[in-house]
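Enquirer: Just passing along the structure, written as structure tokens.
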Amino acid sequence: MPSTSTSTAPRARILTGDTPSGKLHIGHWVGSLENRARLQDAYECYFLIANLHAFTTRADQPSEIARDTLEILKDWLAAGIDPERATVVVQSEVPAITELTWHLSMLLPFNRVMRNPTLKDELDVKGLGDKYSFGFPLYAVGQCADILTFRPALVPVGEDQLAHIEMCREVARRFNHTYCGVDPATPDAEHVAAGGLLPIPEGLVGRVGRLVGVDGTQKMSKSLGNAIYLTDTTAQIKKKVAQIYTGRVDTNAPGDTNNALFQYVRSFITDPARVAELEDRYRRGDAIGDGHVKVEVAAAIDALLAPMRERRARFDAPGREDILHDIIRTHSARANTAAAETLGRVREAMKLRFVR
Ligand code: ATP
Ligand code: MG
């Protein structure tokens, strides 16, 4: 008789998320969001809005962070995250994450955290100089806790997050060794079978790991003013795509298809034959100007975003905020159940269970 066990076996988990430091952009889509939407059925998904982490750089802006938390949720729903299938985790509603941050911070050497290249880049790119808060670097440890609280197998992220995932894998191994007696030589995939509480999660980078911003140099980022947002109108998309700098002037001179504009061509024009044709003509300088390519890129991005704008309009309508709060309320209960299970076991492993 065919076995039915696969249909009832628990699905592996996904955990990933975004900081509410602004609205989501097309870099989020190609880097992570697209994978999230695609994997909702195959995995038990937890998507986290890291609102506590937004305080690392905006502690004086609680209203803006609260507003952006709802904006991110609307962006997710617009992008096809289905609240019937995935669980939305608002970080501040799950106190277990904060407790785990404390425990993990003892397992990571200070200098190891400060050497994290993503953290260093952020300090630099966001111009934080030496004025950043004590809590700023702590967010990197917090992100390990966000992930490990939900004990996922997979973390869909953009390329810039891989350094964080590596640190998360490192601290999970150390936890399993220190508190669960797992031999440090144990292969990652066997940690749980060897008695470890925390699976060693894998990062899953999207189709485009690092989409460049319309400035043509920096990573597209919600804090850098170089982004095409999921909410942008057709006119805004055209205007922003027109800004992408290539440095090319002569439409009959051979062009370099490694430039920012062609990253957009490959990322958003869906017909591979058309992409190949544009690349070929551009390389040969076959009477094809940036302006022409930009028109096609803008149209392709608009076609991707049009259905998202339409879905989002339903949540932007007056009086619809209740729906968002309902989702957060019911999902927080679900998230807290999963988090409490991990934290109960963490406390047990760390001999912190005094009241039984
Ligand atoms: P901030 O400027 O506040 O850091 P951000 O735009 O970098 O914002 P995050 O919230 O830090 O966005 O990132 C959320 C997820 O989206 C992460 O997995 C990140 O790797 C991915 N991501 C962000 N920007 C890009 C991009 N330009 N290309 C690909 N993936 C991206
Ligand atoms: Mg970022």
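Each chain of the structure tokens is named A, B, ... in the order shown, its residues numbered from 1; ligands are numbered from 1 in display order.
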As a list in words, please: all residues of region 73-152 of chain A that backbone DSSP puts in strand (DSSP E).
Expert: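 Output for region 73-152 of chain A, strand (DSSP E) only: Thr87, Val88, Val89 and Val90 of chain A.
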Enquirer: Give me the residues within 10 Å of region 290-293 of chain A as a PyMOL selection string, counting only C-alpha atoms and dropping any in the same chain fewer than 2 places off.
Expert: chain A and resi 241-242+244-251+255+261-262+264-265+278-279+282+287-288+295-298
Enquirer: Could you turn the residues from that selection into a file that holds N, CA and C atoms, as a PDB file, in the first residue's frame?
Expert:
```pdb
ATOM      1  N   VAL A 241      14.119  54.453 -13.948  1.00  0.00           N
ATOM      2  CA  VAL A 241      14.927  53.635 -14.875  1.00  0.00           C
ATOM      3  C   VAL A 241      15.742  54.557 -15.785  1.00  0.00           C
ATOM      4  N   ALA A 242      15.137  55.700 -16.139  1.00  0.00           N
ATOM      5  CA  ALA A 242      15.847  56.648 -17.010  1.00  0.00           C
ATOM      6  C   ALA A 242      17.122  57.169 -16.346  1.00  0.00           C
ATOM      7  N   ILE A 244      19.300  55.405 -14.615  1.00  0.00           N
ATOM      8  CA  ILE A 244      20.396  54.429 -14.480  1.00  0.00           C
ATOM      9  C   ILE A 244      21.569  54.864 -15.356  1.00  0.00           C
ATOM     10  N   TYR A 245      22.700  55.047 -14.706  1.00  0.00           N
ATOM     11  CA  TYR A 245      23.854  55.596 -15.402  1.00  0.00           C
ATOM     12  C   TYR A 245      24.700  54.480 -16.021  1.00  0.00           C
ATOM     13  N   THR A 246      25.039  54.614 -17.301  1.00  0.00           N
ATOM     14  CA  THR A 246      25.908  53.615 -17.941  1.00  0.00           C
ATOM     15  C   THR A 246      27.199  54.241 -18.468  1.00  0.00           C
ATOM     16  N   GLY A 247      27.194  55.530 -18.666  1.00  0.00           N
ATOM     17  CA  GLY A 247      28.373  56.205 -19.197  1.00  0.00           C
ATOM     18  C   GLY A 247      28.500  56.070 -20.709  1.00  0.00           C
ATOM     19  N   ARG A 248      27.561  55.384 -21.372  1.00  0.00           N
ATOM     20  CA  ARG A 248      27.662  55.147 -22.823  1.00  0.00           C
ATOM     21  C   ARG A 248      27.022  56.322 -23.564  1.00  0.00           C
ATOM     22  N   VAL A 249      27.673  56.840 -24.584  1.00  0.00           N
ATOM     23  CA  VAL A 249      27.098  57.969 -25.319  1.00  0.00           C
ATOM     24  C   VAL A 249      26.751  57.634 -26.763  1.00  0.00           C
ATOM     25  N   ASP A 250      27.589  56.841 -27.401  1.00  0.00           N
ATOM     26  CA  ASP A 250      27.412  56.568 -28.830  1.00  0.00           C
ATOM     27  C   ASP A 250      26.636  55.259 -29.023  1.00  0.00           C
ATOM     28  N   THR A 251      25.450  55.368 -29.619  1.00  0.00           N
ATOM     29  CA  THR A 251      24.609  54.175 -29.768  1.00  0.00           C
ATOM     30  C   THR A 251      25.172  53.183 -30.788  1.00  0.00           C
ATOM     31  N   GLY A 255      28.807  48.344 -26.562  1.00  0.00           N
ATOM     32  CA  GLY A 255      28.492  48.635 -25.155  1.00  0.00           C
ATOM     33  C   GLY A 255      28.850  47.454 -24.254  1.00  0.00           C
ATOM     34  N   LEU A 261      22.496  48.746 -16.209  1.00  0.00           N
ATOM     35  CA  LEU A 261      21.274  48.648 -17.014  1.00  0.00           C
ATOM     36  C   LEU A 261      21.025  47.210 -17.455  1.00  0.00           C
ATOM     37  N   PHE A 262      22.090  46.522 -17.858  1.00  0.00           N
ATOM     38  CA  PHE A 262      21.882  45.150 -18.327  1.00  0.00           C
ATOM     39  C   PHE A 262      21.642  44.157 -17.188  1.00  0.00           C
ATOM     40  N   TYR A 264      19.523  44.912 -15.002  1.00  0.00           N
ATOM     41  CA  TYR A 264      18.063  45.052 -14.980  1.00  0.00           C
ATOM     42  C   TYR A 264      17.427  44.287 -16.147  1.00  0.00           C
ATOM     43  N   VAL A 265      18.084  44.365 -17.318  1.00  0.00           N
ATOM     44  CA  VAL A 265      17.559  43.629 -18.494  1.00  0.00           C
ATOM     45  C   VAL A 265      17.431  42.142 -18.127  1.00  0.00           C
ATOM     46  N   LEU A 278      18.944  41.723 -27.168  1.00  0.00           N
ATOM     47  CA  LEU A 278      19.370  43.044 -26.692  1.00  0.00           C
ATOM     48  C   LEU A 278      20.855  43.033 -26.333  1.00  0.00           C
ATOM     49  N   GLU A 279      21.283  41.961 -25.657  1.00  0.00           N
ATOM     50  CA  GLU A 279      22.698  41.872 -25.271  1.00  0.00           C
ATOM     51  C   GLU A 279      23.584  41.856 -26.507  1.00  0.00           C
ATOM     52  N   TYR A 282      23.610  45.305 -28.263  1.00  0.00           N
ATOM     53  CA  TYR A 282      24.301  46.309 -27.443  1.00  0.00           C
ATOM     54  C   TYR A 282      25.817  46.102 -27.516  1.00  0.00           C
ATOM     55  N   ALA A 287      23.164  50.143 -33.379  1.00  0.00           N
ATOM     56  CA  ALA A 287      22.151  51.201 -33.335  1.00  0.00           C
ATOM     57  C   ALA A 287      21.130  50.987 -32.220  1.00  0.00           C
ATOM     58  N   ILE A 288      21.618  50.704 -31.055  1.00  0.00           N
ATOM     59  CA  ILE A 288      20.685  50.542 -29.947  1.00  0.00           C
ATOM     60  C   ILE A 288      21.174  51.384 -28.753  1.00  0.00           C
ATOM     61  N   VAL A 295      13.393  51.868 -21.990  1.00  0.00           N
ATOM     62  CA  VAL A 295      11.939  51.788 -22.200  1.00  0.00           C
ATOM     63  C   VAL A 295      11.470  50.348 -21.977  1.00  0.00           C
ATOM     64  N   GLU A 296      12.229  49.400 -22.516  1.00  0.00           N
ATOM     65  CA  GLU A 296      11.823  47.983 -22.361  1.00  0.00           C
ATOM     66  C   GLU A 296      11.955  47.513 -20.914  1.00  0.00           C
ATOM     67  N   VAL A 297      13.023  47.971 -20.244  1.00  0.00           N
ATOM     68  CA  VAL A 297      13.216  47.584 -18.839  1.00  0.00           C
ATOM     69  C   VAL A 297      12.075  48.144 -17.986  1.00  0.00           C
ATOM     70  N   ALA A 298      11.745  49.416 -18.206  1.00  0.00           N
ATOM     71  CA  ALA A 298      10.672  50.044 -17.407  1.00  0.00           C
ATOM     72  C   ALA A 298       9.351  49.305 -17.629  1.00  0.00           C
TER      73      ALA A 298
END
```
Enquirer: Mind listing the residues within 9 Å of ligand 2, only C-alpha atoms and all ligand atoms counted, as a ChimeraX atom specification?
Expert: /A:18-19,118,122,160-161,221-223
Enquirer: Can those selected residues be exported to a file as a short mmCIF file (atom, residue, chain, number, x, y, z; two decimals), in the first residue's frame so that it contains N, CA, C and O atoms?
Expert:
```cif
data_model
loop_
_atom_site.label_atom_id
_atom_site.label_comp_id
_atom_site.auth_asym_id
_atom_site.auth_seq_id
_atom_site.Cartn_x
_atom_site.Cartn_y
_atom_site.Cartn_z
N ASP A 18 12.38 41.17 6.93
CA ASP A 18 12.84 42.49 6.51
C ASP A 18 12.77 43.46 7.69
O ASP A 18 11.94 43.31 8.57
N THR A 19 13.65 44.45 7.64
CA THR A 19 13.61 45.50 8.66
C THR A 19 12.66 46.60 8.20
O THR A 19 12.74 47.02 7.05
N THR A 118 29.19 42.36 6.63
CA THR A 118 27.94 43.05 6.32
C THR A 118 27.73 44.22 7.28
O THR A 118 27.30 45.31 6.88
N GLU A 122 27.60 48.17 6.28
CA GLU A 122 26.45 48.99 6.64
C GLU A 122 26.87 50.26 7.37
O GLU A 122 26.33 51.33 7.11
N ASP A 160 23.92 39.99 0.47
CA ASP A 160 24.55 40.75 1.57
C ASP A 160 24.32 40.10 2.93
O ASP A 160 25.00 40.41 3.89
N GLN A 161 23.33 39.21 2.99
CA GLN A 161 23.00 38.60 4.29
C GLN A 161 23.78 37.32 4.56
O GLN A 161 23.70 36.76 5.65
N SER A 221 18.80 49.81 -2.01
CA SER A 221 18.58 49.73 -0.57
C SER A 221 17.52 50.74 -0.16
O SER A 221 17.51 51.86 -0.67
N LYS A 222 16.65 50.33 0.76
CA LYS A 222 15.58 51.26 1.12
C LYS A 222 16.10 52.48 1.87
O LYS A 222 15.45 53.50 1.88
N SER A 223 17.30 52.38 2.46
CA SER A 223 17.81 53.57 3.17
C SER A 223 18.68 54.46 2.29
O SER A 223 19.17 55.46 2.77
#
```
Enquirer: Can you work out which residues are within 7 Å of ligand 1, considering only C-alpha atoms and all ligand atoms, and then hand them over as a PyMOL selection string?
Expert: chain A and resi 17-22+27-28+30-32+156-161+208-213+219-224
Enquirer: Residues as selected, C-alpha atoms, written as a tab-separated table (two decimals), in the first residue's frame, can you do that?
Expert:
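Below is the file that was written, part.tsv:
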```
chain	number	residue	atom	x	y	z
A	17	GLY	CA	12.34	38.79	7.01
A	18	ASP	CA	12.84	42.49	6.51
A	19	THR	CA	13.61	45.50	8.66
A	20	PRO	CA	10.88	48.17	8.63
A	21	SER	CA	13.25	50.96	7.64
A	22	GLY	CA	11.14	51.90	4.60
A	27	GLY	CA	15.83	44.26	-5.03
A	28	HIS	CA	13.88	42.57	-2.25
A	30	VAL	CA	14.61	39.26	-6.83
A	31	GLY	CA	16.81	38.67	-3.76
A	32	SER	CA	14.34	37.03	-1.40
A	156	PRO	CA	15.95	32.90	1.75
A	157	VAL	CA	18.05	36.09	1.61
A	158	GLY	CA	19.97	38.42	-0.66
A	159	GLU	CA	23.73	38.05	-1.00
A	160	ASP	CA	24.55	40.75	1.57
A	161	GLN	CA	23.00	38.60	4.29
A	208	VAL	CA	19.65	37.99	-8.29
A	209	GLY	CA	21.73	38.14	-5.13
A	210	ARG	CA	22.53	41.82	-5.25
A	211	LEU	CA	20.51	44.14	-7.46
A	212	VAL	CA	22.28	47.41	-8.01
A	213	GLY	CA	20.36	50.63	-7.30
A	219	LYS	CA	23.20	47.91	-3.71
A	220	MET	CA	19.56	48.91	-4.11
A	221	SER	CA	18.58	49.73	-0.57
A	222	LYS	CA	15.58	51.26	1.12
A	223	SER	CA	17.81	53.57	3.17
A	224	LEU	CA	19.87	54.91	0.25
```
Enquirer: Quick check for you: according to DSSP on this backbone, which residues of region 174-310 of chain A are classed as alpha helix (DSSP H)? Reply as a VMD selection string.
Expert: chain A and resid 174 to 180 234 to 242 260 to 268 272 to 284 290 to 310
Enquirer: Excluding Glu310 (chain A) and any residue of its chain fewer than 2 positions from it, enumerate the residues within 12 Å of it, using only C-alpha atoms, and give them as a PDB file with N, CA and C atoms, in the first residue's frame.
Expert:
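The resulting file, around15.pdb, is shown below:
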```
ATOM      1  N   LYS A  74       1.910  45.193   4.259  1.00  0.00           N
ATOM      2  CA  LYS A  74       1.113  45.423   3.037  1.00  0.00           C
ATOM      3  C   LYS A  74       1.913  45.036   1.789  1.00  0.00           C
ATOM      4  N   ASP A  75       3.199  45.363   1.800  1.00  0.00           N
ATOM      5  CA  ASP A  75       4.046  44.977   0.653  1.00  0.00           C
ATOM      6  C   ASP A  75       4.073  43.460   0.494  1.00  0.00           C
ATOM      7  N   LEU A  77       1.792  41.252   1.462  1.00  0.00           N
ATOM      8  CA  LEU A  77       0.496  40.752   0.975  1.00  0.00           C
ATOM      9  C   LEU A  77       0.356  41.072  -0.513  1.00  0.00           C
ATOM     10  N   ALA A  78       0.818  42.269  -0.880  1.00  0.00           N
ATOM     11  CA  ALA A  78       0.760  42.663  -2.293  1.00  0.00           C
ATOM     12  C   ALA A  78       1.624  41.744  -3.155  1.00  0.00           C
ATOM     13  N   ALA A  79       2.759  41.320  -2.607  1.00  0.00           N
ATOM     14  CA  ALA A  79       3.700  40.503  -3.385  1.00  0.00           C
ATOM     15  C   ALA A  79       3.303  39.026  -3.409  1.00  0.00           C
ATOM     16  N   GLY A  80       2.209  38.690  -2.734  1.00  0.00           N
ATOM     17  CA  GLY A  80       1.721  37.313  -2.830  1.00  0.00           C
ATOM     18  C   GLY A  80       2.003  36.455  -1.608  1.00  0.00           C
ATOM     19  N   LEU A 230       8.057  48.658  -4.673  1.00  0.00           N
ATOM     20  CA  LEU A 230       6.968  47.831  -5.194  1.00  0.00           C
ATOM     21  C   LEU A 230       5.716  48.664  -5.429  1.00  0.00           C
ATOM     22  N   THR A 231       5.624  49.801  -4.732  1.00  0.00           N
ATOM     23  CA  THR A 231       4.437  50.658  -4.857  1.00  0.00           C
ATOM     24  C   THR A 231       4.588  51.730  -5.942  1.00  0.00           C
ATOM     25  N   ASP A 232       5.732  51.820  -6.588  1.00  0.00           N
ATOM     26  CA  ASP A 232       5.939  52.902  -7.562  1.00  0.00           C
ATOM     27  C   ASP A 232       4.947  52.808  -8.731  1.00  0.00           C
ATOM     28  N   THR A 233       4.543  54.001  -9.212  1.00  0.00           N
ATOM     29  CA  THR A 233       3.621  54.057 -10.347  1.00  0.00           C
ATOM     30  C   THR A 233       4.410  53.853 -11.655  1.00  0.00           C
ATOM     31  N   ASP A 302       7.235  47.389 -14.801  1.00  0.00           N
ATOM     32  CA  ASP A 302       5.829  47.785 -14.605  1.00  0.00           C
ATOM     33  C   ASP A 302       4.896  46.569 -14.682  1.00  0.00           C
ATOM     34  N   ALA A 303       5.193  45.667 -15.608  1.00  0.00           N
ATOM     35  CA  ALA A 303       4.348  44.465 -15.746  1.00  0.00           C
ATOM     36  C   ALA A 303       4.450  43.589 -14.494  1.00  0.00           C
ATOM     37  N   LEU A 304       5.633  43.556 -13.869  1.00  0.00           N
ATOM     38  CA  LEU A 304       5.796  42.790 -12.630  1.00  0.00           C
ATOM     39  C   LEU A 304       5.015  43.438 -11.480  1.00  0.00           C
ATOM     40  N   LEU A 305       5.065  44.763 -11.431  1.00  0.00           N
ATOM     41  CA  LEU A 305       4.501  45.464 -10.266  1.00  0.00           C
ATOM     42  C   LEU A 305       2.999  45.758 -10.367  1.00  0.00           C
ATOM     43  N   ALA A 306       2.471  45.777 -11.599  1.00  0.00           N
ATOM     44  CA  ALA A 306       1.051  46.151 -11.755  1.00  0.00           C
ATOM     45  C   ALA A 306       0.112  45.291 -10.895  1.00  0.00           C
ATOM     46  N   PRO A 307       0.234  43.950 -10.939  1.00  0.00           N
ATOM     47  CA  PRO A 307      -0.672  43.153 -10.087  1.00  0.00           C
ATOM     48  C   PRO A 307      -0.433  43.385  -8.595  1.00  0.00           C
ATOM     49  N   MET A 308       0.799  43.698  -8.224  1.00  0.00           N
ATOM     50  CA  MET A 308       1.088  43.971  -6.807  1.00  0.00           C
ATOM     51  C   MET A 308       0.403  45.264  -6.374  1.00  0.00           C
ATOM     52  N   ARG A 312      -2.372  45.554  -3.495  1.00  0.00           N
ATOM     53  CA  ARG A 312      -2.088  46.425  -2.359  1.00  0.00           C
ATOM     54  C   ARG A 312      -3.195  47.455  -2.150  1.00  0.00           C
ATOM     55  N   ALA A 313      -3.796  47.898  -3.242  1.00  0.00           N
ATOM     56  CA  ALA A 313      -4.852  48.924  -3.139  1.00  0.00           C
ATOM     57  C   ALA A 313      -5.962  48.463  -2.192  1.00  0.00           C
ATOM     58  N   ARG A 314      -6.194  47.152  -2.145  1.00  0.00           N
ATOM     59  CA  ARG A 314      -7.248  46.627  -1.255  1.00  0.00           C
ATOM     60  C   ARG A 314      -6.914  46.875   0.214  1.00  0.00           C
ATOM     61  N   PHE A 315      -5.616  46.856   0.539  1.00  0.00           N
ATOM     62  CA  PHE A 315      -5.233  47.050   1.948  1.00  0.00           C
ATOM     63  C   PHE A 315      -5.001  48.513   2.270  1.00  0.00           C
ATOM     64  N   ASP A 316      -4.828  49.334   1.232  1.00  0.00           N
ATOM     65  CA  ASP A 316      -4.612  50.760   1.454  1.00  0.00           C
ATOM     66  C   ASP A 316      -5.921  51.503   1.617  1.00  0.00           C
ATOM     67  N   ALA A 317      -7.031  50.874   1.231  1.00  0.00           N
ATOM     68  CA  ALA A 317      -8.324  51.553   1.308  1.00  0.00           C
ATOM     69  C   ALA A 317      -8.627  51.919   2.766  1.00  0.00           C
TER      70      ALA A 317
END
```
Enquirer: Quick one: residues within 12 Å of Met114 (chain A), only C-alpha atoms counted, chain neighbours fewer than 2 positions away excluded, as a list in words?
Expert: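 Listing them by chain and then by number gives Leu108, Pro109, Phe110, Asn111, Arg112, Asn116, Pro117, Thr118, Leu119, Lys120, Asp121, Glu122, Leu123, Phe134, Phe136, Pro137, Leu138, Tyr139, Ala140, Val141, Ala163, His164 and Met167 of chain A.
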Enquirer: Record the distance separating CA of Phe47 (chain A) and CA of Glu99 (chain A), expressed in Å with one decimal.
Expert: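 Rounded to one decimal, the two atoms are 19.1 Å apart.
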Enquirer: Applying 10 Å and only C-alpha atoms, which residues near Ala300 (chain A) remain after dropping the ones on its own chain fewer than 6 positions away? List them as a list of chain:residue names.
Expert: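 Here the answer would be A:Tyr264, A:Val265, A:Ser267, A:Phe268, A:Ile269, A:Thr270, A:Asp271, A:Lys294.
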Enquirer: With distances taken over only C-alpha atoms, which residue among A:Phe150, A:Trp76, A:Phe354, A:Phe55 lies nearest Ser92 (chain A)?
Expert: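 Between A:Phe150, A:Trp76, A:Phe354, A:Phe55, the residue approaching Ser92 (chain A) most closely is A:Phe55.
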Enquirer: Between A:Arg115, A:Lys238, A:His53, A:His177, which is the closest to Ser133 (chain A) once you count only C-alpha atoms?
Expert: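 Answer, going by the shortest atom-to-atom distance: A:His53.
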